[in-house]
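Inspection log for the structure reproduced underneath, given as structure tokens.
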Amino acid sequence: MADQKKRKQQKDDGGYASDDEESEIPPAPAQPQKSKADKKKNKKLKKATIGDDFETISDLHSHTNLFHMGVRELLFEAKADYDKTNEVQAELSALQKVLHALPEFKITNSDFSDVPLHNDAETLKMMFKRPKSVELVGSFLLRTVTRPNLNIDFAFQIPASCFKEAKDVLDYRYLDKRALYVRTLAHHLAASGEYHVTLSSFRGSRSKPIVVLRRTAAPHAGAEAYTIRLIPMLAIGTFPLAKLLPNRNNNRRHSKPEDPQPATPLYNSLVTEDAFFGRHLKLLHSVFSRCTALIELVVLLKVWLRKRDLDGISDTFNGFLMSMFAVHLFSANKITVGMSAIQMFKVLLQHLATLDITKGIFMSAELDPVSEEHTELFKCDVACIDRQQLFVHHSEVAFVDPTGFLNLASRVSLDAFVELQREAAHAVEYMNDRHQEPFEALFVMRAEFALKYDSYLSVPADQLTSAVEARAASLTDENVLCDRDQDEFARRSLLTMLRKGLSDRSMAIRCPGWHDLDWCPGEPVPARSPRDALVICGFVLSPVRARSKLDVGPSAEDVAAVAEFKEFWGNRAELRRFKDGKIVQAVVWEDTSAHHGQPLQIVQSILLHLLKLHFNLEPSDVLPTVTYVAHQLDVVLSSVEPGKASDETPKGDAFMGAVATLDLLTKQLRGLSDLPLAVDNVLPISPGLRYTDVFQPQRIMQGSKKQHVQPLCALLVFESSQSWPDDFEALQHLKAAFYLRIAAGLRKAHGYQAHAAEKFVEVQANDFVFQFFIHTQRESALIKSNLPEVRAFKEEHEHRPAHHANIHSFHMKFAMFGPTVRLALRWLHSHMFSGHFAIEAIELLVASLFTSPRPYAVPANHLVGFLRFLHLLATYDFEQNPIIVDLDSRLSPDDYLQIQTVFAEFRKQHPNDTPMYIATAQDKASLLWTAVRPSKLILRRIVAYAKQSVTVLDGIWQSGRHSDVAWQSVFRTPHHGFDVIIKLHHSLVPHYDLSIAHVLEHKHMHKLTKKKPLYKNLQLASTEVIVGFDPVKCYVRDILRHFGEQCLCFFDELGGNMIGLVWKPSAFVPHSLKVSSVGTAISLPTSSTKPDATLGGLVFNVTDALSTIRSLGEGLVADIHLGRAHT
């Protein structure tokens, strides 16, 4: 594990080498003294810049001192302590001695079997000569090294005489000779015994290895532990630069010289960059010396990249590219000397987010002018402006250095740059937000790739590469292959196919490149990093276009386009005539995802069809396999009992049906003429009427023998009247009379089955069961009981209706909010936390992922929303921070500050109360939904389960074993965490068929199809409907009424047939006689050594308690056995 951590630190810090820099560690770049003229010029420049480009720069000063303090502390922690690196100069001298002492001799590829070569069949010979120079370079020299990647880069120059100018630049011979040279150097360094030597790929390219050294001896006390990297470089002029322009070919794929040869821009840049290390280093050092704030800027950018999960990948921006982009903006007067690092950080990200990359980025030639003595080396027949256009034409991302000969971003893919722009836009949004501090979102929260996108496609890398190799290569394929290896070509081929297939269905696709490889000399070179065993693509889907069932192709008259369309879509392409008379090729898809109102099923159908057609890849039972990750957990939300009817009945979605039915009932209730007072409003309060209940509202299934149904509840509000009685009992009797009149009126006017009860009226309409409760303003004032009952009344009659309205509106705004809440509730219930939380609290907790999704975008898929919910539980510091949820954008910056202040004071005075503090515009002090539950102990238990679930899901992502069973395992709760386990007769448990254990065990054993009656004219007896009765909940209440002081009770109210008990430690502390302890306590004996001692007191009697618990559940309890502490 230690070696793996060390190898993980071998990342590219963007360090480049200098040809003629002195071999000493220079002091930190100093701020030069400015003359009055310079100051005046800078002041004028700064003023103009702010006026032109930084309209929102004043926002940078609107954040509190906490943000600036956080940045200063971050810089202190992230930057390397150069006072503890005194050994570096000695290390440089020692390395120079070792390398200068190397002999000259001939080497061939047969000397080493572990050299990554492109031309295996060809014998490679070269003369090994000692490096011409060894220089200290890179981030360490610029003082921009950031923890934890404390890498110190040394560059060694391979003598030009090791290469043949005309020949060795062709057909990968340069890369092969470079690799052989590096392998030979590693062999001699390992033989010295001074270092532990490994080889590593340079920016993910295994064909460009570098040497990584670690001292075998431990560093001195107080010294920084660092890794040394030896990076090869070339002298400018080793190969003619004109031959390495992006339109030139240097890898011949055809046997005949007269055949057309494709351009090899990537290979050409891999050669050119080795010759430009020194020039770029001197450029950076020169600019950083004039503006030392750039050093802090680069450190901030590196930390930001790492937190965005953008570093260490071959095809995206790294610290070096960010440094060069900062220099580019500095030269264009977008960043000025008078700015702080924080201001520079925002300005840079603003420009990055709004940049039109199709036009390329071109650094000013004035930054690095060519001296007269080097004019011949940079001689080229192609004008600079024309060279720039060549880079734009031959590269996905063009970022050309000041010389005009090198695309710094040659490895960067377009999808990676789009991802970088999206992250930059988010960062600017955080810094412009006046409500919340941006520090944590920018530099603390880590944006995991698995949580960024709406859905994902996972393909085993070896299967993809094999599939690409197996298919017949076209001329286009060959042209690409002469510039890229098979793995990269396969990845690009997949990405190209996905872009074309999804078209405007997807707003962004990200298929990350490769991580750095590490291997020891003498070992076989690995094909790829273990983290690259899977090619994973993330999709940002269009909420409208992705749901389209139709892909329209070319007109039937366009023969060439029709042939191309048919070739791409295969047998799914068909000729169709539309209502407007057009006859075109088209592809029609079936939408089976109406259950959650998502477009993901169509996207899955498209992706799997194209993978099968073009790569002959399809999902299989052998893992890892091709997997579309989007709906693996849908089965746990299904309210379809195995063998029974599907939710998707001809009546449609049950949520929408219930809401529509309530709207109809509201109109009918208002129209009742037999009531003394008219119904003014109906206020729903059930989760099923706001799309957040775990299961869809239940319909009465005609023909079933017995059915348990949970009613949908709402409050009836009558028109204002002063005639309500002032006596509480009289008011209750009057409400009962109203219930009788309402039931009779609905039966008479509309033919509903309506029944009046003492406290509500029950109505069956459209197979749904509703219960209506009368709400009056006078009732709460007449309650003469204790405070808890008053609080419960206000919660039910005042707070819940308001909360319901807010949540219903919120779901209308964010369609994935409801399904995400349902998954979150299902997870909590499945781990037997029923009764330990309010559903309203979980709704608000999930809503925070939508109102403040930092560091991500708003979830567009319930599966990703659920994963973020688990990460929130597992990582959020509930003890130190409140959850602030602004459902309707009513909170002002002052409100946020007030909530933070009240929370801090509350935590100081009541450290053990309200462990989950959720503040809203209506409840700034978190008094409504989390004041009582969950308790501190329960919250700690929930967090522990969330952390374990996150660990399991991380393992699934890393292994690629995306089976439904693996994903659904996070809903299976372990039984070893209980002292007592009570098993119930499942036949007596309502909805046992919907329990998580039963659903996951039987989902593949039954087809969820509706059973048709044998004969249309044969109807079974009417269904016995049991409304709102749950014997398990009643049994749990009885247990807690008797033993609530001695135990915690855990159960799953969604069909679970097990109850777990955990004894409280306080139950076994000796105590004096209490009325509540009679029958469940035994006395302790007196002390035998002290005859005058009093009785030892009473202690909880577990045996008698279990006997009582069994008797309370007589008929319901199947078995009781002891758990963890007694086995």
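Ligands are numbered from 1 in the order shown, chains are lettered A, B, ... in the order of the structure tokens, and residues start at 1 in each chain.
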DSSP on the backbone, strand (DSSP E or B) only: what residues of range 706-909 of chain A does that give? Format it as a VMD selection string.
chain A and resid 706 to 709 712 to 718 753 to 756 761 to 765 768 to 775 833 883 to 884
What's around Arg1110 in chain A at 9 Å? Count only C-alpha atoms, leave out sequence neighbours fewer than 5 positions away in its own chain, and write the answer as a ChimeraX atom specification.
/A:982,1105,1117,1119-1120
How would the residues just chosen look if you wrote them out with N, CA and C atoms as a PDB file, in the first residue's frame?
ATOM      1  N   ILE A 982     -36.148  -9.815  16.821  1.00  0.00           N
ATOM      2  CA  ILE A 982     -37.510 -10.342  16.909  1.00  0.00           C
ATOM      3  C   ILE A 982     -37.990 -10.638  15.499  1.00  0.00           C
ATOM      4  N   ALA A1105     -37.823  -9.016  30.659  1.00  0.00           N
ATOM      5  CA  ALA A1105     -38.210  -8.084  29.608  1.00  0.00           C
ATOM      6  C   ALA A1105     -38.531  -8.813  28.312  1.00  0.00           C
ATOM      7  N   VAL A1117     -45.407 -12.501  16.788  1.00  0.00           N
ATOM      8  CA  VAL A1117     -43.996 -12.851  16.925  1.00  0.00           C
ATOM      9  C   VAL A1117     -43.790 -14.322  16.580  1.00  0.00           C
ATOM     10  N   ASP A1119     -40.364 -15.614  16.474  1.00  0.00           N
ATOM     11  CA  ASP A1119     -39.199 -16.075  17.231  1.00  0.00           C
ATOM     12  C   ASP A1119     -38.456 -14.862  17.776  1.00  0.00           C
ATOM     13  N   ILE A1120     -37.782 -15.056  18.885  1.00  0.00           N
ATOM     14  CA  ILE A1120     -36.905 -14.050  19.471  1.00  0.00           C
ATOM     15  C   ILE A1120     -35.572 -14.708  19.786  1.00  0.00           C
TER      16      ILE A1120
END
Using only C-alpha atoms, which protein or nucleic acid residues come within 7 Å of range 99-111 of chain A? Drop anything in the same chain fewer than 4 positions from it, and give the result as a ChimeraX atom specification.
/A:95,123-131,180
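Of the listed residues A:Leu541, A:Leu355, A:Val287, A:Ala781, the one whose atoms come nearest to Leu367 in chain A is A:Val287, with distances taken using only C-alpha atoms.
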Range 364-434 of chain A: which residues are alpha helix (DSSP H) by DSSP, as a ChimeraX atom specification?
/A:384-394,414-432
Which residues come within 8 Å of Ile210 in chain A, counting only C-alpha atoms, excluding same-chain residues fewer than 5 positions away, as a VMD selection string?
chain A and resid 182 199 to 202 229 to 232
Between A:Asp462, A:Ala398, A:Ile313, A:Ile839, which one has atoms that come closest to Ala527 in chain A, using only C-alpha atoms?
A:Asp462
I want to know what sits within 8 Å of Leu782 in chain A, based on only C-alpha atoms, with residues of the same chain fewer than 5 positions away left out; could you give that as an mmCIF file with N, CA and C atoms, in the first residue's frame?
data_model
loop_
_atom_site.group_PDB
_atom_site.id
_atom_site.type_symbol
_atom_site.label_atom_id
_atom_site.label_comp_id
_atom_site.auth_asym_id
_atom_site.auth_seq_id
_atom_site.Cartn_x
_atom_site.Cartn_y
_atom_site.Cartn_z
ATOM 1 N N ASP A 726 -66.573 27.226 21.879
ATOM 2 C CA ASP A 726 -65.368 27.524 22.641
ATOM 3 C C ASP A 726 -64.960 26.373 23.547
ATOM 4 N N ASP A 727 -65.730 25.310 23.569
ATOM 5 C CA ASP A 727 -65.403 24.133 24.375
ATOM 6 C C ASP A 727 -64.777 23.073 23.482
ATOM 7 N N PHE A 728 -63.655 22.510 23.963
ATOM 8 C CA PHE A 728 -62.912 21.558 23.138
ATOM 9 C C PHE A 728 -63.755 20.329 22.810
#
Work out how far apart CA of Pro262 in chain A and CA of Trp569 in chain A are and give it in Å to one decimal.
27.8 Å
Within 10 Å of His985 in chain A using only C-alpha atoms, minus same-chain residues under 2 positions, as a VMD selection string:
chain A and resid 983 987 to 989 992 1057 to 1058 1115 to 1119
Give the answer as one residue: which of A:Asn247, A:Thr238, A:Ser455, A:Gln948 has the shortest atom-to-atom distance to Val392 in chain A, using only C-alpha atoms?
A:Asn247
Give me, as a PDB file with N, CA and C atoms, in the first residue's frame, all polymer residues having an atom no more than 9 Å from Asn912 in chain A, counting only C-alpha atoms and skipping those fewer than 5 positions away in the same chain.
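Written file, out_35.pdb:
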ATOM      1  N   ARG A 907     -25.368  25.526  19.386  1.00  0.00           N
ATOM      2  CA  ARG A 907     -24.440  24.419  19.606  1.00  0.00           C
ATOM      3  C   ARG A 907     -23.619  24.631  20.879  1.00  0.00           C
ATOM      4  N   SER A 935     -31.906  11.310  17.090  1.00  0.00           N
ATOM      5  CA  SER A 935     -31.041  11.611  18.220  1.00  0.00           C
ATOM      6  C   SER A 935     -29.583  11.560  17.776  1.00  0.00           C
ATOM      7  N   LYS A 936     -28.714  11.989  18.659  1.00  0.00           N
ATOM      8  CA  LYS A 936     -27.291  12.004  18.319  1.00  0.00           C
ATOM      9  C   LYS A 936     -26.781  10.589  18.050  1.00  0.00           C
TER      10      LYS A 936
END
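Remark: for Pro554 in chain A, the closest of the candidate residues A:Val970, A:Ala533, A:Val587, A:Val846 is A:Val587 (distances computed over only C-alpha atoms).
The space separating CA of His991 in chain A from CA of Gly1055 in chain A comes to 4.8 Å.
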